[in-house]
Amino acid sequence: MNAVTHGADQATAGSTAATGAELVGTPVVTPEPSRTRDVRHGLVVHGLQLAVLVVLLGGWQLLTSTGHLDPVLFGEPSGIVGRLQTWITQGTSIGSLGQQITVTLEEALIGFLIGTTLGIVSGIALGRIKLLAEVFGPFIKVLNSIPRIVLGSVFVIMFGLGLESKVLLVIVLVFFGVFFNAFQGTREVDRNLIASAAILGASKWQITRQVVLPSAFTWIIASLHVAFGFALIGAIVGEFIGSQQGLGNLIRAAQGTFDANGVWAAMVIMAVVALLAEYLITRLEKRLLRWRPTQLSGPDL
Amino acid sequence: MTAQPSSPSPPAGTPAIQLMSATKRFRTPNGSAYTAIRDMDLIVEAGEFCAIVGPTGCGKSTTLTLVSGLEKASDGRVLVHGEPVSGITPGVGFMFQNDAILPWKSVLDNVAAGPRFRGVAKATALTSARDWIRRVGLAGFEDRYPHQLSGGMRKRVALAQNLINEPRILLMDEPFSALDVQTRAKMSNELLSLWDLTKPAVVFVTHDLEEAIALADKVVVMTAGPGGTVKATFRVDLPRPRVVQEIRFEPAFVDLYHQIWETLRAEVDKAYVQTTGSAVAS
């Protein structure tokens, strides 16, 4: 993905130089390594990654099959794959696998959307309006300092085993990270940009919408990565505490029957979901922040 | 085109800008007051190009923020077209020392921003933005983002962004100080020819005396800060149109330069001693 953006930049730099006599485009272009070297480097990296996987999973399998680790307590890779197969082909003890994933994702997504929206709106509001920050600042600090995961129990007691209690827990977990980033991002907006927009005729709302929000977005989007992780955790823990369906429920059921492979298999599914979500958020980030120069240094994960 | 007559036209002869013993004090983080300008008197006529020169920290930029309405005077009066300033002054353009164009908007959207903020229909705003982009010599770059442009090009965007609103007053805070010498001279020439199109009153803050004389009708020298004020005003009667790169070789220019520099030098020395804390004046 990095290579693609880089290439596009080079193209613009080239045409800028061609048309703008004394004014040359700025993107700094590092010397492109030759193609074969690129390919070889890629092979080395992927080969090493494969080796790490083989050592980890192979070692685990070896230790359990030779009797050094008890497969009943620790699970084993082959057993996890087998469990996943059974779940996919025959369904789980509490219904089809797709349904469990859907339930958990639904809780996580609804909570994520509400939580991030609330976080962004209140973060920007408190960042822009001093009185609001002064009034609500202490409350937010107190709320942030309590271990919010415990609220899961409260919500299950209050709203029962269904969707609402999970969504609430997700909101509570997601909100604060996004809020603090939006708040900080709002306060770090270049004052010159605000002054300039005001002089050009922008109203307060137009400044918030067209200057503050895009500027704070670099901060906000950074928090979304973490926030989605929290959303999944919230949904799973909520289900774990009390539910009738979902991946968290599946994990609890597996734990209850000493089914270590089942717990691991549920974790694999969650990991896949989380990676997919991460991919989508990165796509969104690239789209929304395409006005930014590509100047990040250091390795990309 | 997009001019927004904000107030009924003032009677002819009313200066564009009047500062009457304007004073601005800022509160510093440790609670004490810092006086940026003190008892400043300044008159800029409509259509006049006024340059303000002075050593670092003399309050040149503060003067501009008072006129634009970004800051309020602590004492004294600030009138624009005969009206006291309150809130952002309508009909004013402001070019900042650092880039203040929006990095997430393309060149076209940046230039169209002013009319769009003021509620002009999108199509109209874009048409007039294209017009101004062409006038500042950026045709073909409408879709670029600011980070893809050179420093000089970004200045042109900022200039177009301000001029599209057809301001009656254009405030410029060392707008070209970050540019290299050649680009700067080119930009100065273009500024003069663009200024000729709509003839706003200009207040151009700089610490480069040569730039000030080459551009302005009137050069105002400020005393060293804190609490800077007007030390002397010089009229520049060099004929227009001027070519910035060449005008400095003319005898009249050289004479004027010597004359103003004599006044400015004492203040520069004073400011230098203050900032370095040493007593070694030249």
# chains A, B, ... in the order shown; residues from 1 in each chain; ligands from 1
$ closest_atom_pairs --of "chain B" --to "chain A" --cutoff "6 Å" --atoms "only C-alpha atoms" --output "tab-separated table"
residue	atom	partner	partner_atom	distance
B:Ala100	CA	A:Leu193	CA	5.0
B:Trp104	CA	A:Trp291	CA	5.0
B:Gly114	CA	A:Leu200	CA	4.8
B:Phe117	CA	A:Ala202	CA	4.9
B:Arg118	CA	A:Gly201	CA	5.8
B:Gln148	CA	A:Gly25	CA	5.4
B:Leu149	CA	A:Gly25	CA	5.0
B:Ser150	CA	A:Gly25	CA	5.4
$ write_last_selection --atoms "N, CA and C atoms" --output "mmCIF file, in the first residue's frame"
data_model
loop_
_atom_site.group_PDB
_atom_site.id
_atom_site.type_symbol
_atom_site.label_atom_id
_atom_site.label_comp_id
_atom_site.auth_asym_id
_atom_site.auth_seq_id
_atom_site.Cartn_x
_atom_site.Cartn_y
_atom_site.Cartn_z
ATOM 1 N N ALA B 100 -1.206 30.031 5.705
ATOM 2 C CA ALA B 100 -2.471 29.852 6.404
ATOM 3 C C ALA B 100 -3.515 29.307 5.450
ATOM 4 N N TRP B 104 -5.906 20.657 3.691
ATOM 5 C CA TRP B 104 -6.769 19.564 3.219
ATOM 6 C C TRP B 104 -7.684 19.998 2.086
ATOM 7 N N GLY B 114 -13.251 31.699 0.507
ATOM 8 C CA GLY B 114 -13.812 32.979 0.956
ATOM 9 C C GLY B 114 -15.247 33.178 0.486
ATOM 10 N N PHE B 117 -17.572 30.655 2.111
ATOM 11 C CA PHE B 117 -17.892 31.005 3.497
ATOM 12 C C PHE B 117 -18.982 32.068 3.525
ATOM 13 N N ARG B 118 -18.927 32.982 2.557
ATOM 14 C CA ARG B 118 -19.888 34.092 2.548
ATOM 15 C C ARG B 118 -21.179 33.747 1.851
ATOM 16 N N GLN B 148 1.888 19.841 -2.207
ATOM 17 C CA GLN B 148 2.505 19.513 -3.490
ATOM 18 C C GLN B 148 3.040 20.771 -4.185
ATOM 19 N N LEU B 149 2.930 21.916 -3.511
ATOM 20 C CA LEU B 149 3.356 23.173 -4.126
ATOM 21 C C LEU B 149 4.618 23.702 -3.454
ATOM 22 N N SER B 150 5.333 24.557 -4.179
ATOM 23 C CA SER B 150 6.504 25.197 -3.586
ATOM 24 C C SER B 150 6.059 26.363 -2.720
#
$ residues_around --residues "stretch 256-268 of chain B" --least-positions-apart "5" --cutoff "6 Å" --atoms "only C-alpha atoms" --output "list in words"
Pro55, Thr223 and Ala224 of chain B
$ residues_around --residues "stretch 194-205 of chain B" --least-positions-apart "5" --cutoff "9 Å" --atoms "only C-alpha atoms" --output "ChimeraX atom specification"
/B:16-17,44-54,60-61,64,135-136,163,166-175,189,212,215-216
$ atom_distance --atom1 "atom CA of A:Pro71" --atom2 "atom CA of A:Arg83"
13.4 Å
$ atom_distance --atom1 "atom CA of A:Gly58" --atom2 "atom CA of A:Met270"
21.9 Å
$ residues_around --residues "B:Phe176" --least-positions-apart "3" --cutoff "10 Å" --atoms "only C-alpha atoms" --output "ChimeraX atom specification"
/B:95-98,151-152,155,172-173,179-181,183-185,187-188,206,211
$ write_last_selection --atoms "C-alpha atoms" --output "PDB file, in the first residue's frame"
ATOM      1  CA  MET B  95      -1.722  37.394   4.475  1.00  0.00           C
ATOM      2  CA  PHE B  96       0.143  35.678   7.262  1.00  0.00           C
ATOM      3  CA  GLN B  97       3.854  35.152   7.570  1.00  0.00           C
ATOM      4  CA  ASN B  98       3.382  31.387   7.704  1.00  0.00           C
ATOM      5  CA  GLY B 151       6.663  28.015  -1.040  1.00  0.00           C
ATOM      6  CA  GLY B 152       6.190  30.646  -3.741  1.00  0.00           C
ATOM      7  CA  LYS B 155       1.984  32.381  -1.358  1.00  0.00           C
ATOM      8  CA  MET B 172       0.326  41.586   4.903  1.00  0.00           C
ATOM      9  CA  ASP B 173       2.543  40.297   7.693  1.00  0.00           C
ATOM     10  CA  LEU B 179      10.952  32.914   0.103  1.00  0.00           C
ATOM     11  CA  ASP B 180      14.309  32.955  -1.644  1.00  0.00           C
ATOM     12  CA  VAL B 181      15.504  36.279  -3.035  1.00  0.00           C
ATOM     13  CA  THR B 183      11.099  34.312  -5.972  1.00  0.00           C
ATOM     14  CA  ARG B 184      10.526  37.128  -3.567  1.00  0.00           C
ATOM     15  CA  ALA B 185      11.299  39.807  -6.154  1.00  0.00           C
ATOM     16  CA  MET B 187       6.218  37.870  -6.103  1.00  0.00           C
ATOM     17  CA  SER B 188       6.657  41.548  -5.196  1.00  0.00           C
ATOM     18  CA  THR B 206       8.417  43.809   6.767  1.00  0.00           C
ATOM     19  CA  GLU B 211      11.363  45.723  -0.009  1.00  0.00           C
TER      20      GLU B 211
END
$ residues_around --residues "stretch 120-125 of chain B" --least-positions-apart "4" --cutoff "12 Å" --atoms "only C-alpha atoms" --output "ChimeraX atom specification"
/A:201 /B:1-4,108-116,129-132,161,164-165
$ write_last_selection --atoms "N, CA and C atoms" --output "mmCIF file, in the first residue's frame"
data_model
loop_
_atom_site.group_PDB
_atom_site.id
_atom_site.type_symbol
_atom_site.label_atom_id
_atom_site.label_comp_id
_atom_site.auth_asym_id
_atom_site.auth_seq_id
_atom_site.Cartn_x
_atom_site.Cartn_y
_atom_site.Cartn_z
ATOM 1 N N GLY A 201 -14.108 35.163 6.154
ATOM 2 C CA GLY A 201 -15.557 35.279 6.271
ATOM 3 C C GLY A 201 -16.247 34.065 6.853
ATOM 4 N N MET B 1 -17.285 41.471 -8.105
ATOM 5 C CA MET B 1 -17.716 40.102 -8.390
ATOM 6 C C MET B 1 -18.261 39.441 -7.130
ATOM 7 N N THR B 2 -17.415 39.400 -6.111
ATOM 8 C CA THR B 2 -17.857 38.791 -4.868
ATOM 9 C C THR B 2 -17.777 39.797 -3.727
ATOM 10 N N ALA B 3 -17.535 41.051 -4.072
ATOM 11 C CA ALA B 3 -17.406 42.043 -3.017
ATOM 12 C C ALA B 3 -18.695 42.141 -2.222
ATOM 13 N N GLN B 4 -18.576 42.247 -0.945
ATOM 14 C CA GLN B 4 -19.733 42.318 -0.074
ATOM 15 C C GLN B 4 -19.739 43.677 0.593
ATOM 16 N N LEU B 108 -7.968 24.980 -5.793
ATOM 17 C CA LEU B 108 -9.247 25.550 -6.213
ATOM 18 C C LEU B 108 -10.158 25.799 -5.011
ATOM 19 N N ASP B 109 -10.278 24.786 -4.143
ATOM 20 C CA ASP B 109 -11.176 24.931 -2.996
ATOM 21 C C ASP B 109 -10.659 25.963 -2.007
ATOM 22 N N ASN B 110 -9.336 26.072 -1.902
ATOM 23 C CA ASN B 110 -8.768 27.092 -1.020
ATOM 24 C C ASN B 110 -9.122 28.494 -1.504
ATOM 25 N N VAL B 111 -8.969 28.713 -2.800
ATOM 26 C CA VAL B 111 -9.231 30.049 -3.330
ATOM 27 C C VAL B 111 -10.737 30.336 -3.280
ATOM 28 N N ALA B 112 -11.546 29.299 -3.482
ATOM 29 C CA ALA B 112 -13.002 29.503 -3.472
ATOM 30 C C ALA B 112 -13.548 29.606 -2.047
ATOM 31 N N ALA B 113 -12.692 29.356 -1.053
ATOM 32 C CA ALA B 113 -13.186 29.277 0.331
ATOM 33 C C ALA B 113 -13.868 30.559 0.789
ATOM 34 N N GLY B 114 -13.251 31.699 0.507
ATOM 35 C CA GLY B 114 -13.812 32.979 0.956
ATOM 36 C C GLY B 114 -15.247 33.178 0.486
ATOM 37 N N PRO B 115 -15.482 33.167 -0.846
ATOM 38 C CA PRO B 115 -16.855 33.309 -1.334
ATOM 39 C C PRO B 115 -17.791 32.228 -0.778
ATOM 40 N N ARG B 116 -17.289 30.988 -0.670
ATOM 41 C CA ARG B 116 -18.137 29.906 -0.152
ATOM 42 C C ARG B 116 -18.542 30.194 1.289
ATOM 43 N N ALA B 129 -12.939 31.618 -8.653
ATOM 44 C CA ALA B 129 -11.681 31.074 -8.121
ATOM 45 C C ALA B 129 -10.739 30.726 -9.268
ATOM 46 N N ARG B 130 -11.281 30.101 -10.322
ATOM 47 C CA ARG B 130 -10.444 29.756 -11.488
ATOM 48 C C ARG B 130 -9.834 31.009 -12.072
ATOM 49 N N ASP B 131 -10.651 32.061 -12.133
ATOM 50 C CA ASP B 131 -10.206 33.348 -12.637
ATOM 51 C C ASP B 131 -8.994 33.865 -11.861
ATOM 52 N N TRP B 132 -9.132 33.836 -10.540
ATOM 53 C CA TRP B 132 -8.055 34.366 -9.702
ATOM 54 C C TRP B 132 -6.832 33.475 -9.726
ATOM 55 N N GLN B 161 -6.545 33.749 -2.608
ATOM 56 C CA GLN B 161 -7.580 33.470 -1.602
ATOM 57 C C GLN B 161 -8.077 34.771 -0.962
ATOM 58 N N ILE B 164 -9.738 37.377 -3.948
ATOM 59 C CA ILE B 164 -11.027 36.987 -4.515
ATOM 60 C C ILE B 164 -12.178 37.659 -3.760
ATOM 61 N N ASN B 165 -11.943 37.967 -2.480
ATOM 62 C CA ASN B 165 -12.975 38.654 -1.701
ATOM 63 C C ASN B 165 -13.002 40.149 -1.993
#
$ residues_around --residues "A:Ser78" --least-positions-apart "6" --cutoff "12 Å" --atoms "only C-alpha atoms" --output "list in words"
Leu57, Gly58, Trp60, Gln61, Leu62, Thr64, Ser65, Pro71, Leu84, Gln85, Asn261, Gly262, Trp264 and Ala265 of chain A
$ closest_residue --among "B:Pro241, B:Gly225, B:Gly13, B:Gly91" --to "B:Cys58" --atoms "only C-alpha atoms"
B:Gly225
$ atom_distance --atom1 "atom CA of A:Leu69" --atom2 "atom CA of A:Leu56"
14.1 Å
$ select_by_dssp --residues "stretch 110-266 of chain B" --states "strand (DSSP E or B)" --output "PyMOL selection string"
chain B and resi 169-173+201-206+218-222+228+230-235
$ write_last_selection --atoms "C-alpha atoms" --output "PDB file, in the first residue's frame"
ATOM      1  CA  ILE B 169      -7.870  46.684   2.877  1.00  0.00           C
ATOM      2  CA  LEU B 170      -5.108  44.116   2.499  1.00  0.00           C
ATOM      3  CA  LEU B 171      -2.930  43.411   5.528  1.00  0.00           C
ATOM      4  CA  MET B 172       0.326  41.586   4.903  1.00  0.00           C
ATOM      5  CA  ASP B 173       2.543  40.297   7.693  1.00  0.00           C
ATOM      6  CA  ALA B 201      -5.294  50.017   0.885  1.00  0.00           C
ATOM      7  CA  VAL B 202      -2.296  47.856   1.827  1.00  0.00           C
ATOM      8  CA  VAL B 203      -0.411  47.659   5.090  1.00  0.00           C
ATOM      9  CA  PHE B 204       2.722  45.654   4.421  1.00  0.00           C
ATOM     10  CA  VAL B 205       4.798  44.715   7.435  1.00  0.00           C
ATOM     11  CA  THR B 206       8.417  43.809   6.767  1.00  0.00           C
ATOM     12  CA  LYS B 218       4.685  55.503   2.370  1.00  0.00           C
ATOM     13  CA  VAL B 219       7.182  53.885   4.746  1.00  0.00           C
ATOM     14  CA  VAL B 220       6.471  53.999   8.471  1.00  0.00           C
ATOM     15  CA  VAL B 221       9.413  53.386  10.805  1.00  0.00           C
ATOM     16  CA  MET B 222       8.568  52.025  14.247  1.00  0.00           C
ATOM     17  CA  GLY B 228       6.721  50.273  19.870  1.00  0.00           C
ATOM     18  CA  VAL B 230       5.629  55.348  15.057  1.00  0.00           C
ATOM     19  CA  LYS B 231       9.014  57.034  14.933  1.00  0.00           C
ATOM     20  CA  ALA B 232       8.849  58.644  11.502  1.00  0.00           C
ATOM     21  CA  THR B 233       6.931  58.456   8.251  1.00  0.00           C
ATOM     22  CA  PHE B 234       8.542  58.818   4.818  1.00  0.00           C
ATOM     23  CA  ARG B 235       6.751  59.425   1.541  1.00  0.00           C
TER      24      ARG B 235
END
